[in-house]
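Raw query15.txt, compact mmCIF, C-alpha atoms and all ligand atoms:
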# COMPACT_ATOMS: atom_id res chain seq x y z
CA MET J 1 0.00 0.00 0.00
CA ALA J 2 1.31 3.43 -0.88
CA LYS J 3 2.35 5.41 2.14
CA MET J 4 -0.06 8.19 2.87
CA VAL J 5 1.26 11.57 3.91
CA ILE J 6 -0.62 14.81 4.26
CA ASP J 7 1.24 17.86 3.07
CA PRO J 8 0.07 20.79 5.18
CA TRP J 9 1.49 23.31 2.73
CA SER J 10 -0.28 22.01 -0.35
CA SER J 11 -3.80 22.95 -1.34
CA ASN J 12 -4.73 19.37 -2.30
CA ILE J 13 -7.24 18.37 0.26
CA PRO J 14 -7.98 14.83 1.35
CA GLU J 15 -11.24 13.79 -0.29
CA ASP J 16 -12.26 11.21 2.20
CA TYR J 17 -12.32 12.44 5.76
CA LYS J 18 -13.12 9.08 7.23
CA LYS J 19 -10.21 7.36 5.53
CA ILE J 20 -7.83 9.95 6.90
CA ALA J 21 -9.32 9.72 10.37
CA ASP J 22 -8.89 5.93 10.37
CA LYS J 23 -5.44 5.94 8.87
CA PHE J 24 -4.01 8.39 11.37
CA GLY J 25 -5.87 7.06 14.38
CA LEU J 26 -8.03 10.09 15.02
CA GLU J 27 -10.88 9.86 17.50
CA LYS J 28 -14.43 10.31 16.42
CA PHE J 29 -15.91 13.52 17.77
CA ASN J 30 -18.55 12.67 20.34
CA ILE J 31 -21.03 15.47 20.74
CA GLU J 32 -22.34 14.12 24.06
CA GLU J 33 -19.08 15.10 25.70
CA PHE J 34 -19.35 18.79 24.90
CA PRO J 35 -21.88 21.02 26.65
CA GLU J 36 -23.93 23.39 24.49
CA PRO J 37 -22.34 22.36 21.20
CA ASN J 38 -22.01 25.02 18.53
CA LEU J 39 -23.48 24.75 15.05
CA LEU J 40 -20.43 23.10 13.52
CA MET J 41 -20.56 20.45 16.19
CA SER J 42 -24.29 19.81 16.12
CA ARG J 43 -24.43 19.67 12.34
CA GLY J 44 -21.65 17.09 11.99
CA ILE J 45 -19.07 19.47 10.48
CA VAL J 46 -16.73 18.84 13.40
CA PHE J 47 -15.89 15.19 12.95
CA SER J 48 -12.78 14.16 14.84
CA GLY J 49 -9.85 15.07 16.99
CA ARG J 50 -7.16 13.84 19.33
CA ASP J 51 -7.44 13.50 23.11
CA LEU J 52 -10.80 15.22 23.28
CA LYS J 53 -11.84 13.69 26.61
CA ILE J 54 -9.29 15.57 28.64
CA ILE J 55 -10.68 18.82 27.24
CA SER J 56 -14.31 17.94 27.89
CA LYS J 57 -13.28 17.03 31.41
CA CYS J 58 -11.67 20.45 31.91
CA ILE J 59 -14.86 22.11 30.67
CA LYS J 60 -17.14 20.08 32.89
CA GLU J 61 -14.94 20.36 35.97
CA LYS J 62 -14.05 23.99 35.29
CA LYS J 63 -10.32 23.22 35.29
CA PRO J 64 -7.84 25.43 33.43
CA PHE J 65 -7.10 24.68 29.78
CA TYR J 66 -6.23 26.69 26.72
CA VAL J 67 -7.32 26.98 23.12
CA LEU J 68 -4.80 28.07 20.53
CA THR J 69 -4.79 28.47 16.80
CA GLY J 70 -2.77 30.25 14.16
CA ILE J 71 -3.44 31.44 10.67
CA MET J 72 -0.98 32.43 7.97
CA PRO J 73 -1.51 35.96 6.66
CA THR J 74 -1.14 34.86 3.05
CA ALA J 75 -4.01 36.88 1.60
CA ASP J 76 -5.69 40.19 2.15
CA LYS J 77 -9.07 38.49 2.25
CA LEU J 78 -10.47 35.89 4.60
CA HIS J 79 -12.76 33.19 3.29
CA PHE J 80 -15.52 31.44 5.17
CA GLY J 81 -13.19 28.59 6.12
CA THR J 82 -11.51 30.98 8.54
CA LYS J 83 -14.89 31.57 10.15
CA SER J 84 -15.10 27.85 10.98
CA VAL J 85 -11.72 27.93 12.74
CA ILE J 86 -12.61 31.04 14.72
CA ASP J 87 -16.10 29.67 15.56
CA GLN J 88 -14.36 26.72 17.15
CA VAL J 89 -11.96 28.94 19.10
CA ILE J 90 -14.95 30.98 20.31
CA TYR J 91 -16.68 27.83 21.54
CA PHE J 92 -13.75 26.92 23.79
CA GLN J 93 -13.24 30.52 24.86
CA LYS J 94 -16.87 30.67 26.01
CA ASN J 95 -16.33 27.42 27.86
CA GLY J 96 -13.48 28.75 29.95
CA ALA J 97 -10.33 28.34 27.86
CA GLU J 98 -7.43 30.78 27.98
CA THR J 99 -7.28 31.90 24.38
CA TYR J 100 -4.33 32.38 22.03
CA VAL J 101 -4.58 33.36 18.37
CA LEU J 102 -1.36 33.89 16.52
CA VAL J 103 -0.41 35.37 13.20
CA ALA J 104 1.87 32.84 11.51
CA ASP J 105 4.00 35.49 9.84
CA LEU J 106 7.30 33.60 10.06
CA GLU J 107 5.72 30.53 8.51
CA ALA J 108 4.28 32.70 5.73
CA ALA J 109 7.72 34.25 5.17
CA ALA J 110 9.46 30.87 5.08
CA THR J 111 6.95 28.90 3.03
CA ARG J 112 5.24 31.56 0.93
CA GLY J 113 7.77 34.36 0.62
CA ILE J 114 5.55 36.95 2.27
CA SER J 115 7.44 39.82 3.85
CA LEU J 116 6.99 40.40 7.57
CA LYS J 117 6.00 43.97 6.86
CA GLU J 118 3.24 42.94 4.48
CA ALA J 119 2.05 40.29 6.93
CA LYS J 120 1.88 42.79 9.75
CA LYS J 121 -0.13 45.23 7.69
CA ARG J 122 -2.61 42.55 6.63
CA ALA J 123 -3.00 41.17 10.10
CA MET J 124 -3.63 44.58 11.66
CA GLU J 125 -5.95 45.84 8.95
CA ILE J 126 -7.84 42.69 8.11
CA HIS J 127 -7.15 39.45 9.94
CA ILE J 128 -7.31 40.48 13.60
CA PRO J 129 -10.29 42.86 13.20
CA CYS J 130 -12.09 40.08 11.32
CA TYR J 131 -11.47 37.57 14.10
CA ILE J 132 -12.96 40.04 16.56
CA ALA J 133 -15.90 40.76 14.26
CA LEU J 134 -16.53 37.01 14.13
CA GLY J 135 -17.12 37.11 17.87
CA LEU J 136 -13.79 36.43 19.53
CA ASP J 137 -13.59 38.42 22.76
CA PRO J 138 -10.52 40.64 22.31
CA LYS J 139 -10.19 41.25 26.04
CA LYS J 140 -9.87 37.56 26.68
CA THR J 141 -7.64 36.72 23.71
CA LYS J 142 -3.89 36.89 23.49
CA PHE J 143 -3.00 37.76 19.91
CA TYR J 144 0.61 37.55 18.87
CA PHE J 145 2.90 37.52 15.85
CA GLN J 146 5.37 34.64 15.59
CA SER J 147 8.08 37.13 14.67
CA GLU J 148 7.52 39.14 17.84
CA ASN J 149 7.28 36.38 20.38
CA ASP J 150 10.74 35.64 21.83
CA GLU J 151 9.43 33.05 24.22
CA VAL J 152 7.95 30.99 21.39
CA ARG J 153 10.98 31.37 19.17
CA ASN J 154 13.41 30.46 21.94
CA LEU J 155 11.38 27.40 22.84
CA SER J 156 11.52 26.26 19.23
CA TYR J 157 15.32 26.04 19.39
CA VAL J 158 15.17 23.99 22.55
CA LEU J 159 12.54 21.67 21.08
CA SER J 160 14.37 21.23 17.79
CA ARG J 161 16.69 18.80 19.59
CA LYS J 162 13.77 16.43 20.03
CA ALA J 163 12.95 15.88 16.37
CA THR J 164 14.75 13.65 13.86
CA LEU J 165 15.17 13.70 10.12
CA ASN J 166 13.52 10.30 9.76
CA GLU J 167 10.50 11.51 11.64
CA TYR J 168 10.23 14.43 9.24
CA LYS J 169 10.37 12.14 6.28
CA ALA J 170 7.71 9.89 7.78
CA ILE J 171 5.34 12.67 8.75
CA TYR J 172 5.79 15.13 5.90
CA GLY J 173 7.44 13.01 3.21
CA ASN J 174 9.89 15.85 2.94
CA ALA J 175 12.37 17.81 5.01
CA GLU J 176 13.06 21.14 3.38
CA PRO J 177 14.65 23.67 5.72
CA ALA J 178 11.74 26.13 5.46
CA ARG J 179 9.37 23.38 6.48
CA ILE J 180 11.54 22.22 9.32
CA MET J 181 11.75 25.73 10.72
CA SER J 182 8.05 26.44 10.33
CA SER J 183 6.85 23.18 11.81
CA ILE J 184 9.11 23.34 14.86
CA LEU J 185 7.93 26.88 15.39
CA GLN J 186 4.35 25.67 15.19
CA VAL J 187 5.09 22.98 17.78
CA SER J 188 6.42 25.73 19.96
CA ASP J 189 3.31 27.90 19.37
CA ILE J 190 1.20 24.96 20.38
CA LEU J 191 3.07 24.08 23.57
CA HIS J 192 4.25 27.45 24.87
CA PRO J 193 1.18 28.34 27.01
CA GLN J 194 2.20 25.43 29.22
CA LEU J 195 5.48 27.12 30.15
CA LYS J 196 3.49 29.44 32.39
CA LYS J 197 0.80 27.06 33.52
CA LYS J 198 0.69 23.28 33.22
CA MET J 199 -2.66 22.66 31.58
CA PRO J 200 -4.14 20.77 28.64
CA GLY J 201 -4.68 22.68 25.40
CA ILE J 202 -6.87 22.23 22.35
CA ILE J 203 -5.96 23.23 18.81
CA PRO J 204 -8.88 23.71 16.39
CA ILE J 205 -7.64 23.42 12.81
CA GLY J 206 -8.32 21.94 9.39
CA ILE J 207 -7.32 18.32 9.03
CA ASP J 208 -4.47 19.34 6.70
CA GLN J 209 -2.71 20.55 9.85
CA ASP J 210 -2.78 17.17 11.60
CA PRO J 211 0.87 16.40 10.71
CA HIS J 212 1.91 19.32 12.91
CA ILE J 213 -0.18 17.93 15.73
CA ARG J 214 1.50 14.54 15.39
CA LEU J 215 4.90 16.21 15.50
CA SER J 216 3.84 18.32 18.51
CA ARG J 217 2.68 15.26 20.39
CA ASP J 218 5.85 13.33 19.60
CA ILE J 219 8.04 16.20 20.71
CA ALA J 220 5.95 16.85 23.82
CA LYS J 221 6.37 13.19 24.78
CA ARG J 222 10.13 13.34 24.42
CA ALA J 223 10.67 16.69 26.12
CA HIS J 224 10.57 15.15 29.60
CA GLU J 225 12.10 18.18 31.25
CA PHE J 226 8.95 20.18 30.46
CA ASN J 227 6.38 17.62 31.52
CA PHE J 228 3.95 18.84 28.84
CA PHE J 229 0.37 17.67 28.44
CA LEU J 230 0.12 16.30 24.90
CA PRO J 231 -1.86 18.83 22.89
CA SER J 232 -5.40 17.88 21.88
CA SER J 233 -6.83 18.81 18.50
CA ILE J 234 -10.25 19.10 16.92
CA TYR J 235 -11.01 18.94 13.19
CA HIS J 236 -13.86 20.29 11.11
CA LYS J 237 -14.69 19.70 7.49
CA PHE J 238 -13.72 22.40 5.04
CA VAL J 239 -16.19 24.93 3.71
CA PRO J 240 -16.39 24.08 -0.01
CA ASP J 241 -16.31 26.95 -2.43
CA LEU J 242 -19.40 27.77 -4.49
CA SER J 243 -18.18 25.79 -7.49
CA GLY J 244 -17.92 22.65 -5.39
CA ASN J 245 -14.17 22.54 -4.73
CA LEU J 246 -13.73 20.95 -1.35
CA LYS J 247 -11.83 23.79 0.21
CA MET J 248 -12.31 27.48 -0.38
CA SER J 249 -9.14 28.74 -1.86
CA LYS J 250 -7.55 32.14 -1.75
CA SER J 251 -6.64 32.04 -5.42
CA GLU J 252 -9.03 30.03 -7.55
CA GLY J 253 -12.61 28.87 -7.98
CA ASN J 254 -15.61 30.74 -6.71
CA SER J 255 -14.95 31.49 -3.05
CA LEU J 256 -16.93 33.72 -0.77
CA TYR J 257 -14.96 36.10 1.37
CA LEU J 258 -15.77 37.87 4.59
CA LEU J 259 -16.34 41.52 3.66
CA ASP J 260 -17.55 40.71 0.10
CA THR J 261 -19.81 43.44 -1.24
CA ASP J 262 -23.50 42.99 -2.10
CA GLU J 263 -22.59 42.88 -5.78
CA GLU J 264 -19.88 40.26 -5.30
CA ILE J 265 -22.25 38.10 -3.29
CA LYS J 266 -24.90 38.30 -5.98
CA LYS J 267 -22.47 37.44 -8.73
CA LYS J 268 -20.91 34.51 -6.92
CA VAL J 269 -24.14 33.00 -5.61
CA SER J 270 -25.82 33.17 -8.99
CA LYS J 271 -23.02 31.02 -10.43
CA ALA J 272 -23.05 28.52 -7.56
CA LEU J 273 -23.18 24.78 -8.12
CA THR J 274 -26.61 23.55 -7.08
CA GLY J 275 -28.26 20.19 -6.63
CA GLY J 276 -31.00 21.12 -9.07
CA GLN J 277 -32.20 19.19 -12.11
CA LYS J 278 -31.46 20.09 -15.73
CA THR J 279 -34.84 21.65 -16.42
CA LEU J 280 -37.37 23.46 -14.33
CA ASP J 281 -40.05 20.87 -15.05
CA GLU J 282 -37.79 18.05 -14.03
CA GLN J 283 -36.91 19.80 -10.79
CA LYS J 284 -40.53 20.44 -9.93
CA LYS J 285 -41.23 16.76 -10.50
CA LYS J 286 -38.14 15.08 -9.04
CA GLY J 287 -36.92 17.73 -6.62
CA GLY J 288 -33.30 18.79 -6.02
CA ASN J 289 -30.46 17.17 -4.14
CA PRO J 290 -29.35 19.30 -1.17
CA ASP J 291 -26.29 17.11 -0.59
CA LYS J 292 -24.77 18.26 -3.85
CA ASP J 293 -25.79 21.85 -3.43
CA MET J 294 -23.20 24.40 -2.31
CA LEU J 295 -25.82 26.81 -0.99
CA PHE J 296 -27.18 24.17 1.34
CA GLU J 297 -23.64 23.61 2.52
CA LEU J 298 -23.46 27.29 3.44
CA PHE J 299 -26.91 27.25 5.05
CA LYS J 300 -25.90 24.28 7.11
CA GLN J 301 -22.45 25.41 8.16
CA HIS J 302 -23.03 29.10 8.66
CA LEU J 303 -26.19 30.84 7.56
CA ILE J 304 -29.29 29.10 8.92
CA THR J 305 -28.94 28.65 12.65
CA ASP J 306 -32.46 27.40 13.32
CA ASP J 307 -32.63 23.60 12.91
CA LYS J 308 -36.34 23.56 12.10
CA GLU J 309 -35.96 26.17 9.42
CA LEU J 310 -33.10 24.24 7.85
CA GLU J 311 -35.00 20.96 7.93
CA LYS J 312 -38.00 22.51 6.27
CA ARG J 313 -35.90 24.04 3.52
CA ILE J 314 -34.18 20.72 2.85
CA LYS J 315 -37.54 18.95 2.70
CA ASP J 316 -39.01 21.55 0.35
CA TYR J 317 -35.97 21.44 -1.90
CA LYS J 318 -36.10 17.64 -2.12
CA SER J 319 -39.79 17.70 -2.96
CA GLY J 320 -39.40 20.25 -5.73
CA LYS J 321 -41.30 22.94 -3.87
CA ILE J 322 -38.24 25.19 -3.62
CA LEU J 323 -36.38 25.83 -6.85
CA ASP J 324 -32.80 26.94 -7.40
CA SER J 325 -33.76 30.51 -8.22
CA GLU J 326 -35.57 30.90 -4.92
CA ASN J 327 -32.80 29.26 -3.02
CA LYS J 328 -30.23 31.56 -4.56
CA GLU J 329 -32.30 34.60 -3.77
CA TYR J 330 -32.57 33.49 -0.18
CA ALA J 331 -28.82 32.79 0.07
CA ILE J 332 -28.09 36.24 -1.32
CA LYS J 333 -30.42 37.83 1.20
CA LEU J 334 -28.91 35.97 4.15
CA LEU J 335 -25.36 36.62 3.04
CA GLN J 336 -25.94 40.31 2.43
CA LYS J 337 -27.51 40.62 5.84
CA TYR J 338 -24.67 38.68 7.45
CA MET J 339 -22.06 40.80 5.70
CA LYS J 340 -23.70 44.10 6.61
CA ASP J 341 -23.61 43.20 10.26
CA PHE J 342 -20.12 41.75 9.94
CA ARG J 343 -18.80 44.87 8.23
CA GLU J 344 -20.09 47.08 11.05
CA LYS J 345 -18.38 44.95 13.67
CA TYR J 346 -15.23 44.85 11.58
CA ASN J 347 -15.11 48.65 11.28
CA GLU J 348 -15.56 48.94 15.04
CA ALA J 349 -12.82 46.39 15.76
CA ARG J 350 -10.43 48.03 13.33
CA LYS J 351 -10.46 51.29 15.24
CA ASP J 352 -9.17 49.60 18.39
CA VAL J 353 -6.92 46.92 16.99
CA ASP J 354 -3.71 48.42 18.44
CA LYS J 355 -5.11 48.09 21.93
CA TYR J 356 -5.31 44.32 21.67
CA LEU J 357 -1.65 43.73 21.01
CA ASP J 358 0.99 44.18 23.64
N1 LIG X 401 0.35 26.22 9.89
C1 LIG X 401 -0.83 27.01 10.10
C2 LIG X 401 -1.40 27.44 8.71
O1 LIG X 401 -0.96 26.98 7.71
C3 LIG X 401 -0.59 28.22 10.94
C4 LIG X 401 -0.10 27.95 12.35
C5 LIG X 401 1.11 28.33 12.87
C6 LIG X 401 -0.81 27.29 13.42
N2 LIG X 401 1.19 27.97 14.18
C7 LIG X 401 0.05 27.34 14.55
C8 LIG X 401 -2.05 26.68 13.51
C9 LIG X 401 -0.34 26.77 15.77
C10 LIG X 401 -2.42 26.11 14.71
C11 LIG X 401 -1.58 26.15 15.83
O2 LIG X 401 -2.27 28.26 8.61
Using structure tokens, write down the structure that the file contains.
Amino acid sequence: MAKMVIDPWSSNIPEDYKKIADKFGLEKFNIEEFPEPNLLMSRGIVFSGRDLKIISKCIKEKKPFYVLTGIMPTADKLHFGTKSVIDQVIYFQKNGAETYVLVADLEAAATRGISLKEAKKRAMEIHIPCYIALGLDPKKTKFYFQSENDEVRNLSYVLSRKATLNEYKAIYGNAEPARIMSSILQVSDILHPQLKKKMPGIIPIGIDQDPHIRLSRDIAKRAHEFNFFLPSSIYHKFVPDLSGNLKMSKSEGNSLYLLDTDEEIKKKVSKALTGGQKTLDEQKKKGGNPDKDMLFELFKQHLITDDKELEKRIKDYKSGKILDSENKEYAIKLLQKYMKDFREKYNEARKDVDKYLD
């Protein structure tokens, strides 16, 4: 059997989530263990993780734990996939986690050639205000830049002693220097909150980032002198773009971005891949297929929060009562409303962004 590796820096996304979960020994996400699950959890978008029990225990017993994630500032737009990551961070923040969100500017410099200056500008003008507009509580979140965090960088040198070349080849299939530096730094991002306080931590990310979690756990195990808890992780499915590509991409396809204008929304939604039939008559007779419909994917993951409303729409689409044109109109309306509100919060957050960084 061909060896399977996930390349976290490629945009090829694993098609079959279950296969990946089995192959790499991920746990199935069990919703019963998490109080007041968010939409991504209750709708089956969150599907697996590592060491989730220790985190649910911290939540239930009100013990300290942290949530941490990082995002590369590779683009000056954020797509809806970023909303999923931040939604997950918000869930754990609301449930008592100390919260860290970092700008992976050194990783972007090493792996994508983005200057630190450009990254800083993007993060301050777009990324961080967007995270706040999505609902992250800025007063309870520690934001940092990899390039400005000495503690994290210094830890990465210490931890580099714990990794081997063979391990790199096994995990990543590759050991280019830029990747070695970025992944050790990420391990250090992930573990550093424990330098101050020994506590479990959870890392919400896309499944493409699991190799870094495996490396972090291996290194944490070997770094006896630190006595680290192995980091937990939680994975959600990607938000597909409107043309049906599994992951929204910053460069191709038909992706929706946070802060898109009314016109952009209209244009993109009207070209969306739907589960409709070839002709109107056929659709009225046979109904559409919501499972192949990108608008339903958006309704389910982000736009329709009321379960009953969603169920009814699915039923009516399947029966042919709701047609594509109506569905598109509704998606446009919901998205425009969402974006209007989002834009206001973003403008507010932007004014104060300096205050949130120390
Ligand atoms: N590698 C992540 C990305 O490609 C960014 C990242 C850096 C990160 N450090 C992290 C994610 C720590 C989670 C935890 O976007």
TODO: Identify, on the basis of all atoms listed in the file, every residue whose closest approach to segment 293-308 of chain J does not exceed 9 Å; exclude the query and any residue fewer than 3 positions from it along the same chain; express the result as an MDAnalysis selection string.
DONE: chainID J and resid 39:40 43 45 80 83:84 239:244 269 272:276 288:290 311:314 327:328 331 334:335 338
Can you write out as a Markdown table which residues of chain J fall within 10 Å of ligand LIG 401 (chain X), alongside each residue's closest atom pair and its distance in Å to one decimal, counting all atoms listed in the file and ordering rows by chain and ascending residue number?
| residue | atom | partner | partner_atom | distance |
| --- | --- | --- | --- | --- |
| J:Pro8 | CA | X:LIG401 | O1 | 6.8 |
| J:Trp9 | CA | X:LIG401 | O1 | 6.7 |
| J:Ser10 | CA | X:LIG401 | O1 | 9.5 |
| J:Val67 | CA | X:LIG401 | C11 | 9.3 |
| J:Leu68 | CA | X:LIG401 | C11 | 6.0 |
| J:Thr69 | CA | X:LIG401 | C10 | 3.9 |
| J:Gly70 | CA | X:LIG401 | C6 | 3.6 |
| J:Ile71 | CA | X:LIG401 | O2 | 4.0 |
| J:Met72 | CA | X:LIG401 | O2 | 4.4 |
| J:Pro73 | CA | X:LIG401 | O2 | 8.0 |
| J:Thr74 | CA | X:LIG401 | O2 | 8.7 |
| J:Thr82 | CA | X:LIG401 | O2 | 9.6 |
| J:Val85 | CA | X:LIG401 | C10 | 9.7 |
| J:Tyr100 | CA | X:LIG401 | C11 | 9.2 |
| J:Val101 | CA | X:LIG401 | C11 | 8.2 |
| J:Leu102 | CA | X:LIG401 | N2 | 6.9 |
| J:Val103 | CA | X:LIG401 | C5 | 7.2 |
| J:Ala104 | CA | X:LIG401 | C5 | 4.8 |
| J:Asp105 | CA | X:LIG401 | C5 | 8.3 |
| J:Leu106 | CA | X:LIG401 | C5 | 8.6 |
| J:Glu107 | CA | X:LIG401 | C5 | 6.7 |
| J:Ala108 | CA | X:LIG401 | O1 | 8.0 |
| J:Thr111 | CA | X:LIG401 | O1 | 9.4 |
| J:Phe145 | CA | X:LIG401 | C5 | 9.8 |
| J:Gln146 | CA | X:LIG401 | N2 | 8.0 |
| J:Ser182 | CA | X:LIG401 | C5 | 7.6 |
| J:Ser183 | CA | X:LIG401 | N1 | 7.4 |
| J:Ile184 | CA | X:LIG401 | N2 | 9.2 |
| J:Leu185 | CA | X:LIG401 | N2 | 6.9 |
| J:Gln186 | CA | X:LIG401 | N2 | 4.0 |
| J:Val187 | CA | X:LIG401 | C9 | 6.9 |
| J:Ser188 | CA | X:LIG401 | C9 | 8.0 |
| J:Asp189 | CA | X:LIG401 | C9 | 5.2 |
| J:Ile190 | CA | X:LIG401 | C9 | 5.2 |
| J:Leu191 | CA | X:LIG401 | C9 | 8.9 |
| J:Ile202 | CA | X:LIG401 | C11 | 9.3 |
| J:Ile203 | CA | X:LIG401 | C11 | 6.0 |
| J:Pro204 | CA | X:LIG401 | C10 | 7.1 |
| J:Ile205 | CA | X:LIG401 | C10 | 6.2 |
| J:Gly206 | CA | X:LIG401 | O2 | 8.8 |
| J:Asp208 | CA | X:LIG401 | O1 | 8.5 |
| J:Gln209 | CA | X:LIG401 | N1 | 6.4 |
| J:Asp210 | CA | X:LIG401 | C10 | 9.5 |
| J:Pro211 | CA | X:LIG401 | N1 | 9.9 |
| J:His212 | CA | X:LIG401 | N1 | 7.7 |
| J:Ile213 | CA | X:LIG401 | C11 | 8.3 |
| J:Ser216 | CA | X:LIG401 | C9 | 9.8 |
| J:Ser233 | CA | X:LIG401 | C10 | 9.3 |
- [ ] Mind giving me the straight-line distance from atom CA of Met41 of chain J to atom CA of Ser255 of chain J in Å, one decimal?
- [x] 22.9 Å
TODO: Choose the residue, out of J:Lys267, J:Lys351, J:Arg343, J:His224, that has the smallest atom-to-atom separation from Leu134 of chain J; count only C-alpha atoms.
DONE: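 Checking each candidate against Leu134 of chain J, we get J:Arg343 as the closest.
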Task: All residues 12 Å or closer to Leu230 of chain J, all atoms listed in the file, same chain fewer than 4 positions away omitted, as a VMD selection string - done: chain J and resid 50 to 52 54 to 55 187 190 to 192 194 198 to 203 213 to 224 226
Taking N, CA, C and O atoms as the atom set, what does segment 261-273 of chain J look like once completed, written as a PDB file, in the coordinates of the input?
ATOM      1  N   THR J 261     -18.749  42.442  -1.082  1.00  0.00           N
ATOM      2  CA  THR J 261     -19.810  43.440  -1.240  1.00  0.00           C
ATOM      3  C   THR J 261     -21.106  42.765  -1.719  1.00  0.00           C
ATOM      4  O   THR J 261     -21.090  41.623  -2.179  1.00  0.00           O
ATOM      5  N   ASP J 262     -22.206  43.521  -1.639  1.00  0.00           N
ATOM      6  CA  ASP J 262     -23.500  42.990  -2.100  1.00  0.00           C
ATOM      7  C   ASP J 262     -23.413  42.487  -3.537  1.00  0.00           C
ATOM      8  O   ASP J 262     -23.952  41.435  -3.872  1.00  0.00           O
ATOM      9  N   GLU J 263     -22.722  43.261  -4.372  1.00  0.00           N
ATOM     10  CA  GLU J 263     -22.590  42.880  -5.780  1.00  0.00           C
ATOM     11  C   GLU J 263     -21.816  41.584  -5.952  1.00  0.00           C
ATOM     12  O   GLU J 263     -22.200  40.709  -6.721  1.00  0.00           O
ATOM     13  N   GLU J 264     -20.704  41.475  -5.219  1.00  0.00           N
ATOM     14  CA  GLU J 264     -19.880  40.260  -5.300  1.00  0.00           C
ATOM     15  C   GLU J 264     -20.683  39.027  -4.858  1.00  0.00           C
ATOM     16  O   GLU J 264     -20.632  37.977  -5.488  1.00  0.00           O
ATOM     17  N   ILE J 265     -21.437  39.219  -3.800  1.00  0.00           N
ATOM     18  CA  ILE J 265     -22.250  38.100  -3.290  1.00  0.00           C
ATOM     19  C   ILE J 265     -23.231  37.641  -4.368  1.00  0.00           C
ATOM     20  O   ILE J 265     -23.343  36.453  -4.676  1.00  0.00           O
ATOM     21  N   LYS J 266     -23.894  38.615  -4.960  1.00  0.00           N
ATOM     22  CA  LYS J 266     -24.900  38.300  -5.980  1.00  0.00           C
ATOM     23  C   LYS J 266     -24.273  37.536  -7.142  1.00  0.00           C
ATOM     24  O   LYS J 266     -24.791  36.526  -7.596  1.00  0.00           O
ATOM     25  N   LYS J 267     -23.139  38.053  -7.580  1.00  0.00           N
ATOM     26  CA  LYS J 267     -22.470  37.440  -8.730  1.00  0.00           C
ATOM     27  C   LYS J 267     -22.028  36.006  -8.425  1.00  0.00           C
ATOM     28  O   LYS J 267     -22.256  35.086  -9.212  1.00  0.00           O
ATOM     29  N   LYS J 268     -21.431  35.828  -7.262  1.00  0.00           N
ATOM     30  CA  LYS J 268     -20.910  34.510  -6.920  1.00  0.00           C
ATOM     31  C   LYS J 268     -22.042  33.509  -6.680  1.00  0.00           C
ATOM     32  O   LYS J 268     -21.985  32.384  -7.156  1.00  0.00           O
ATOM     33  N   VAL J 269     -23.055  33.941  -5.928  1.00  0.00           N
ATOM     34  CA  VAL J 269     -24.140  33.000  -5.610  1.00  0.00           C
ATOM     35  C   VAL J 269     -24.893  32.606  -6.879  1.00  0.00           C
ATOM     36  O   VAL J 269     -25.283  31.452  -7.045  1.00  0.00           O
ATOM     37  N   SER J 270     -25.043  33.554  -7.802  1.00  0.00           N
ATOM     38  CA  SER J 270     -25.820  33.170  -8.990  1.00  0.00           C
ATOM     39  C   SER J 270     -25.088  32.145  -9.854  1.00  0.00           C
ATOM     40  O   SER J 270     -25.721  31.425 -10.614  1.00  0.00           O
ATOM     41  N   LYS J 271     -23.757  32.035  -9.663  1.00  0.00           N
ATOM     42  CA  LYS J 271     -23.020  31.020 -10.430  1.00  0.00           C
ATOM     43  C   LYS J 271     -22.782  29.729  -9.634  1.00  0.00           C
ATOM     44  O   LYS J 271     -22.058  28.843 -10.073  1.00  0.00           O
ATOM     45  N   ALA J 272     -23.373  29.653  -8.455  1.00  0.00           N
ATOM     46  CA  ALA J 272     -23.050  28.520  -7.560  1.00  0.00           C
ATOM     47  C   ALA J 272     -23.516  27.180  -8.131  1.00  0.00           C
ATOM     48  O   ALA J 272     -24.508  27.102  -8.858  1.00  0.00           O
ATOM     49  N   LEU J 273     -22.780  26.144  -7.759  1.00  0.00           N
ATOM     50  CA  LEU J 273     -23.180  24.780  -8.120  1.00  0.00           C
ATOM     51  C   LEU J 273     -24.358  24.371  -7.237  1.00  0.00           C
ATOM     52  O   LEU J 273     -24.290  24.465  -6.014  1.00  0.00           O
TER      53      LEU J 273
END
